[in-house]
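Heads up, start38.cif below (mmCIF, C-alpha atoms):
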data_protein
#
loop_
_atom_site.label_atom_id
_atom_site.label_comp_id
_atom_site.auth_asym_id
_atom_site.auth_seq_id
_atom_site.Cartn_x
_atom_site.Cartn_y
_atom_site.Cartn_z
CA MET A 1 15.05 -9.89 7.58
CA ARG A 2 12.22 -7.98 5.89
CA ARG A 3 11.96 -4.39 7.08
CA VAL A 4 8.51 -3.38 8.32
CA VAL A 5 6.54 -0.78 6.34
CA ILE A 6 3.78 1.34 7.88
CA ALA A 7 1.99 3.41 5.24
CA GLY A 8 -0.84 5.88 5.78
CA ASN A 9 -3.33 6.34 2.94
CA TRP A 10 -5.00 9.71 3.48
CA LYS A 11 -7.45 9.14 0.61
CA MET A 12 -9.44 12.25 -0.39
CA TYR A 13 -8.99 14.12 2.87
CA LYS A 14 -7.12 17.28 3.90
CA THR A 15 -6.38 20.58 2.21
CA VAL A 16 -2.74 21.51 1.68
CA ALA A 17 -2.66 23.41 4.99
CA GLU A 18 -4.25 20.51 6.87
CA ALA A 19 -1.90 18.00 5.27
CA VAL A 20 1.16 20.03 6.24
CA GLU A 21 -0.14 20.47 9.78
CA THR A 22 -0.64 16.70 10.18
CA ALA A 23 2.69 15.83 8.59
CA LEU A 24 4.61 18.24 10.83
CA ALA A 25 2.77 16.97 13.90
CA LEU A 26 3.68 13.40 12.94
CA LYS A 27 7.36 14.12 12.27
CA PRO A 28 8.63 14.27 15.88
CA LEU A 29 6.31 11.48 17.01
CA VAL A 30 7.95 8.92 14.71
CA ALA A 31 11.48 10.35 14.55
CA ASN A 32 12.87 7.38 16.50
CA ALA A 33 10.97 4.69 14.59
CA ASN A 34 14.11 3.10 13.19
CA HIS A 35 12.55 -0.36 13.02
CA CYS A 36 10.32 0.49 10.06
CA GLU A 37 9.77 2.60 6.95
CA VAL A 38 7.15 5.29 7.47
CA ILE A 39 5.13 6.45 4.46
CA ILE A 40 2.20 8.84 4.07
CA ALA A 41 0.09 9.29 0.95
CA PRO A 42 -1.59 12.72 0.75
CA VAL A 43 -3.78 13.87 -2.14
CA PHE A 44 -2.00 14.94 -5.33
CA THR A 45 -2.40 18.65 -4.60
CA SER A 46 -0.49 18.33 -1.32
CA LEU A 47 2.30 16.00 -2.41
CA LYS A 48 5.06 18.48 -3.20
CA THR A 49 4.38 20.77 -0.25
CA VAL A 50 4.31 17.86 2.19
CA ALA A 51 7.39 16.23 0.64
CA ASP A 52 9.30 19.51 0.87
CA ARG A 53 8.36 20.02 4.52
CA LEU A 54 9.41 16.46 5.39
CA GLU A 55 12.74 16.58 3.57
CA GLY A 56 15.49 15.15 5.75
CA SER A 57 13.05 13.25 7.98
CA ASN A 58 12.39 9.51 8.11
CA ILE A 59 8.91 9.92 6.57
CA ARG A 60 8.52 9.15 2.88
CA VAL A 61 5.71 10.32 0.64
CA ALA A 62 3.60 8.27 -1.77
CA GLY A 63 1.06 8.96 -4.47
CA GLN A 64 -2.34 7.30 -4.09
CA ASN A 65 -2.56 6.39 -7.77
CA CYS A 66 -0.79 6.97 -11.07
CA SER A 67 -1.46 6.83 -14.79
CA THR A 68 -0.90 3.75 -16.90
CA GLU A 69 1.14 5.97 -19.23
CA SER A 70 4.88 6.40 -18.78
CA GLU A 71 5.28 9.47 -20.97
CA GLU A 72 3.66 12.87 -21.34
CA GLY A 73 0.67 13.02 -23.64
CA PRO A 74 -2.99 13.94 -24.13
CA HIS A 75 -4.32 12.15 -21.03
CA THR A 76 -6.59 14.70 -19.37
CA GLY A 77 -6.88 14.31 -15.63
CA GLU A 78 -4.03 11.81 -15.32
CA VAL A 79 -0.79 12.08 -13.32
CA ALA A 80 2.21 10.09 -14.52
CA ALA A 81 4.43 8.16 -12.11
CA PHE A 82 7.50 10.16 -13.13
CA MET A 83 5.59 13.33 -12.19
CA LEU A 84 5.00 11.90 -8.71
CA ARG A 85 8.71 11.22 -8.38
CA ASP A 86 9.45 14.73 -9.62
CA VAL A 87 7.56 16.24 -6.66
CA GLY A 88 9.24 14.03 -4.08
CA ALA A 89 7.27 10.78 -3.96
CA THR A 90 9.16 7.52 -3.51
CA HIS A 91 6.17 5.15 -3.59
CA VAL A 92 2.76 4.91 -5.22
CA ILE A 93 -0.33 2.90 -4.25
CA VAL A 94 -1.88 1.01 -7.17
CA GLY A 95 -4.92 -1.24 -7.41
CA HIS A 96 -6.52 -0.08 -4.16
CA SER A 97 -9.94 -1.67 -3.71
CA GLU A 98 -11.63 1.72 -4.01
CA ARG A 99 -10.00 2.16 -7.42
CA ARG A 100 -10.99 -1.36 -8.45
CA HIS A 101 -14.59 -1.13 -7.25
CA HIS A 102 -15.54 2.53 -7.73
CA TYR A 103 -13.50 3.24 -10.85
CA PHE A 104 -13.61 -0.23 -12.40
CA GLU A 105 -9.87 -0.79 -12.62
CA LYS A 106 -9.06 -4.28 -13.83
CA ASP A 107 -5.94 -6.36 -13.33
CA LYS A 108 -4.50 -5.37 -16.72
CA MET A 109 -4.77 -1.69 -15.83
CA VAL A 110 -3.18 -2.33 -12.44
CA GLN A 111 -0.35 -4.19 -14.17
CA ARG A 112 0.30 -1.23 -16.49
CA LYS A 113 0.40 1.11 -13.49
CA VAL A 114 2.84 -1.16 -11.68
CA LYS A 115 5.15 -1.15 -14.70
CA ALA A 116 4.83 2.63 -15.10
CA ALA A 117 5.70 3.11 -11.43
CA ILE A 118 8.75 0.86 -11.58
CA SER A 119 10.02 2.39 -14.82
CA SER A 120 9.84 5.80 -13.14
CA GLY A 121 11.89 4.69 -10.15
CA LEU A 122 9.00 4.43 -7.70
CA THR A 123 8.15 1.48 -5.47
CA ALA A 124 4.64 0.20 -6.19
CA ILE A 125 2.42 -0.78 -3.28
CA MET A 126 0.03 -3.09 -5.13
CA CYS A 127 -3.23 -3.89 -3.35
CA VAL A 128 -5.14 -7.17 -3.56
CA GLY A 129 -8.12 -8.49 -1.66
CA GLU A 130 -11.50 -10.16 -1.81
CA SER A 131 -15.01 -8.91 -1.09
CA LEU A 132 -17.20 -10.34 1.67
CA GLY A 133 -19.28 -12.19 -0.91
CA GLN A 134 -16.21 -13.78 -2.44
CA ARG A 135 -14.92 -14.86 0.98
CA GLU A 136 -18.30 -16.35 1.90
CA GLU A 137 -18.40 -18.12 -1.46
CA GLY A 138 -15.07 -19.73 -0.66
CA ILE A 139 -13.16 -18.17 -3.55
CA ALA A 140 -11.03 -15.61 -1.64
CA GLU A 141 -7.76 -17.32 -2.53
CA GLN A 142 -8.80 -17.70 -6.16
CA VAL A 143 -9.59 -13.97 -6.37
CA VAL A 144 -6.33 -12.92 -4.73
CA ARG A 145 -4.30 -15.31 -6.91
CA GLY A 146 -5.86 -13.76 -10.03
CA GLN A 147 -5.10 -10.24 -8.86
CA LEU A 148 -1.50 -11.16 -8.05
CA THR A 149 -0.74 -12.94 -11.29
CA GLY A 150 -2.57 -10.33 -13.37
CA GLY A 151 -1.03 -7.33 -11.68
CA LEU A 152 2.54 -8.66 -11.65
CA SER A 153 2.73 -10.32 -15.06
CA GLY A 154 5.70 -9.42 -17.22
CA LEU A 155 7.93 -8.21 -14.40
CA THR A 156 11.63 -9.00 -14.39
CA ALA A 157 13.62 -10.22 -11.40
CA SER A 158 15.06 -6.73 -10.86
CA ASP A 159 11.55 -5.24 -10.89
CA LEU A 160 10.55 -7.30 -7.87
CA ASP A 161 12.68 -5.19 -5.54
CA ARG A 162 10.27 -2.32 -6.19
CA ILE A 163 7.12 -4.26 -5.31
CA ILE A 164 5.25 -4.25 -2.00
CA ILE A 165 1.95 -6.14 -1.74
CA ALA A 166 -0.88 -4.89 0.47
CA TYR A 167 -3.57 -7.43 1.32
CA GLU A 168 -6.79 -5.57 2.06
CA PRO A 169 -9.93 -7.65 2.52
CA VAL A 170 -12.56 -5.35 1.02
CA TRP A 171 -15.04 -6.26 3.73
CA ALA A 172 -12.70 -4.80 6.38
CA ILE A 173 -12.00 -1.41 4.77
CA GLY A 174 -13.72 1.47 6.52
CA THR A 175 -16.21 -0.90 8.13
CA GLY A 176 -14.61 -1.23 11.54
CA ARG A 177 -14.31 -4.97 10.90
CA THR A 178 -10.81 -6.40 10.82
CA ALA A 179 -9.62 -9.80 9.73
CA THR A 180 -8.38 -11.70 12.75
CA PRO A 181 -4.59 -11.97 12.95
CA GLU A 182 -4.98 -15.64 12.06
CA GLN A 183 -7.14 -14.88 8.98
CA ALA A 184 -4.68 -12.24 7.85
CA GLN A 185 -1.69 -14.53 8.38
CA GLU A 186 -3.35 -17.31 6.40
CA MET A 187 -3.82 -15.05 3.37
CA HIS A 188 -0.39 -13.46 3.69
CA ALA A 189 1.23 -16.89 3.71
CA PHE A 190 -0.84 -17.82 0.64
CA ILE A 191 0.29 -14.66 -1.16
CA ARG A 192 3.91 -15.53 -0.43
CA ARG A 193 3.39 -19.05 -1.83
CA VAL A 194 1.78 -17.72 -5.01
CA PHE A 195 4.61 -15.22 -5.43
CA ALA A 196 7.15 -18.03 -5.04
CA GLU A 197 5.36 -20.07 -7.70
CA GLY A 198 5.44 -17.16 -10.16
CA HIS A 199 8.95 -15.96 -9.39
CA SER A 200 11.24 -17.69 -6.89
CA GLU A 201 11.48 -18.76 -3.27
CA THR A 202 14.19 -16.16 -2.73
CA ALA A 203 12.05 -13.35 -4.15
CA ALA A 204 9.06 -14.51 -2.11
CA GLU A 205 11.08 -14.51 1.09
CA LYS A 206 12.15 -10.92 0.42
CA LEU A 207 8.64 -9.73 -0.55
CA ARG A 208 7.02 -7.42 1.98
CA ILE A 209 3.29 -7.95 2.45
CA LEU A 210 1.24 -5.38 4.34
CA TYR A 211 -2.18 -5.79 5.90
CA GLY A 212 -4.82 -3.14 5.24
CA GLY A 213 -8.35 -3.00 6.61
CA SER A 214 -9.43 -0.97 9.65
CA VAL A 215 -5.96 -1.05 11.20
CA LYS A 216 -5.95 0.80 14.53
CA PRO A 217 -3.62 1.28 17.50
CA ASP A 218 -5.51 -1.39 19.43
CA ASN A 219 -5.17 -4.17 16.82
CA ILE A 220 -1.77 -3.52 15.24
CA ALA A 221 0.19 -5.57 17.80
CA GLY A 222 -1.80 -8.74 17.11
CA LEU A 223 -1.38 -8.31 13.36
CA MET A 224 2.34 -7.57 13.55
CA GLY A 225 2.90 -10.66 15.65
CA GLN A 226 2.20 -12.85 12.62
CA GLU A 227 5.09 -14.36 10.68
CA ASP A 228 4.12 -13.19 7.19
CA ILE A 229 2.71 -9.73 8.01
CA ASP A 230 5.38 -7.13 7.29
CA GLY A 231 3.51 -3.95 8.08
CA ALA A 232 0.25 -2.15 7.45
CA LEU A 233 -1.54 0.08 4.98
CA VAL A 234 -3.53 2.32 7.30
CA GLY A 235 -6.61 4.32 6.32
CA GLY A 236 -8.67 6.34 8.77
CA ALA A 237 -6.29 5.94 11.70
CA SER A 238 -3.52 7.61 9.67
CA LEU A 239 -5.43 10.89 9.41
CA LYS A 240 -4.49 11.87 12.96
CA ALA A 241 -0.81 12.15 13.79
CA GLU A 242 -1.20 10.69 17.28
CA SER A 243 -3.05 7.51 16.28
CA PHE A 244 -0.81 6.87 13.28
CA ALA A 245 2.28 7.37 15.44
CA GLN A 246 0.99 4.75 17.88
CA ILE A 247 0.73 2.29 15.01
CA VAL A 248 4.16 3.19 13.64
CA ASN A 249 5.80 2.86 17.05
CA CYS A 250 4.37 -0.59 17.77
CA LYS A 251 7.34 -2.89 17.27
CA PRO A 252 6.80 -6.50 16.11
#
If you took the structure in this file and wrote it as structure tokens, what would it be?
Amino acid sequence: MRRVVIAGNWKMYKTVAEAVETALALKPLVANANHCEVIIAPVFTSLKTVADRLEGSNIRVAGQNCSTESEEGPHTGEVAAFMLRDVGATHVIVGHSERRHHYFEKDKMVQRKVKAAISSGLTAIMCVGESLGQREEGIAEQVVRGQLTGGLSGLTASDLDRIIIAYEPVWAIGTGRTATPEQAQEMHAFIRRVFAEGHSETAAEKLRILYGGSVKPDNIAGLMGQEDIDGALVGGASLKAESFAQIVNCKP
């Protein structure tokens, strides 16, 4: 059985003090959430402090992005995956729609980040998803297939254990709109089929696929009731300990 993952992407919010306050408030609220993995992704400047304060708890820490480079070098402004691991991160988010659309990251760049993450011992949470225009045009599956095959090309069978996919329809991120559970399930099942085609049925069955896009306490139950939805990548609702804990504690 695939273990549920509930990850909170804090994006560019919270000072170090605010991040620690939220993390410590969250800690007791999810201490008994043994049915899932709990992950939070603070900004780079808060990662080590938050990871240190959560040591020994059931909450893991992720980076929100990493460099394409696997070694030190003259890459001003970049943070390598091994540096994230060095400060206590276990996961890293790559290919988030905001990186793709605001910072023009293409599939090849995402693929290099995935490989850098895996080579550094991190688990990569790779995001895929279509825009509203692409969905209305009827090419949502084509777009997602391209992102999957592009981002995961060149991976070995052993690499696949360090991959989590997050499906985030761009039109549902920060808009208050959410794909219906049925829409989300349809795309998650498609992602699993594409993964099976590129790798194996066994690997596809083990693959965890999260839903991301205006996830809230009042819609998580419907999403988690779907066969191929293995958790959530939560944005705004993860910024408050109480609302994120409600999502974490909702059992499938």
Leaving out Leu24 in chain A and any residue of its chain fewer than 5 positions from it, which residues lie within 9 Å of it when counting all atoms listed in the file, given as a ChimeraX atom specification?
-> /A:19,50,53-54,241
Which neighbours of Asp159 in chain A fall inside 12 Å, counting all atoms listed in the file, when residues of the same chain fewer than 6 positions from it are skipped, and could you give them as a PDB file with C-alpha atoms, in the coordinates of the input?
ATOM      1  CA  VAL A 114       2.840  -1.160 -11.680  1.00  0.00           C
ATOM      2  CA  LYS A 115       5.150  -1.150 -14.700  1.00  0.00           C
ATOM      3  CA  ALA A 116       4.830   2.630 -15.100  1.00  0.00           C
ATOM      4  CA  ALA A 117       5.700   3.110 -11.430  1.00  0.00           C
ATOM      5  CA  ILE A 118       8.750   0.860 -11.580  1.00  0.00           C
ATOM      6  CA  SER A 119      10.020   2.390 -14.820  1.00  0.00           C
ATOM      7  CA  SER A 120       9.840   5.800 -13.140  1.00  0.00           C
ATOM      8  CA  GLY A 121      11.890   4.690 -10.150  1.00  0.00           C
ATOM      9  CA  LEU A 122       9.000   4.430  -7.700  1.00  0.00           C
ATOM     10  CA  THR A 123       8.150   1.480  -5.470  1.00  0.00           C
ATOM     11  CA  ALA A 124       4.640   0.200  -6.190  1.00  0.00           C
ATOM     12  CA  LEU A 152       2.540  -8.660 -11.650  1.00  0.00           C
ATOM     13  CA  SER A 153       2.730 -10.320 -15.060  1.00  0.00           C
ATOM     14  CA  HIS A 199       8.950 -15.960  -9.390  1.00  0.00           C
ATOM     15  CA  ALA A 203      12.050 -13.350  -4.150  1.00  0.00           C
ATOM     16  CA  LEU A 207       8.640  -9.730  -0.550  1.00  0.00           C
TER      17      LEU A 207
END
List the residues matched by the PyMOL selection byres ((chain A and resi 48) around 9) in the displayed structure as an MDAnalysis selection string, ordered by chain and then by residue number.
-> chainID A and resid 44:47 49:53 84 86:89
Using C-alpha atoms, can you export the residues from the last selection as a CSV table (one decimal), keeping the file's coordinate frame?
chain,number,residue,atom,x,y,z
A,44,PHE,CA,-2.0,14.9,-5.3
A,45,THR,CA,-2.4,18.6,-4.6
A,46,SER,CA,-0.5,18.3,-1.3
A,47,LEU,CA,2.3,16.0,-2.4
A,49,THR,CA,4.4,20.8,-0.2
A,50,VAL,CA,4.3,17.9,2.2
A,51,ALA,CA,7.4,16.2,0.6
A,52,ASP,CA,9.3,19.5,0.9
A,53,ARG,CA,8.4,20.0,4.5
A,84,LEU,CA,5.0,11.9,-8.7
A,86,ASP,CA,9.4,14.7,-9.6
A,87,VAL,CA,7.6,16.2,-6.7
A,88,GLY,CA,9.2,14.0,-4.1
A,89,ALA,CA,7.3,10.8,-4.0
Pick out the closest residue to Ile164 in chain A from this set: A:Gly151, A:Gly236, A:Gly198, A:Gly56. Count all atoms listed in the file.
->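 So, comparing all the options, the nearest one is A:Gly151.
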Taking all atoms listed in the file into account, which of A:Gly138, A:Asn65, A:Val30, A:Pro74 comes nearest Tyr103 in chain A?
->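 Of the candidates, the smallest distance to Tyr103 in chain A is held by A:Asn65.
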Do you know which residues are at most 7 Å from Val144 in chain A counting only C-alpha atoms, after dropping those on the same chain fewer than 2 positions away, and could you put them as a PyMOL selection string?
-> chain A and resi 128-130+140-142+146-148
Write out as lines of an AutoDock Vina configuration file an axis-aligned box for range 80-88 of chain A: all of its atoms listed in the file, 5 Å added on each side, centre and edge lengths in Å with one decimal.
center_x = 5.8
center_y = 12.2
center_z = -9.3
size_x = 17.2
size_y = 18.1
size_z = 20.4
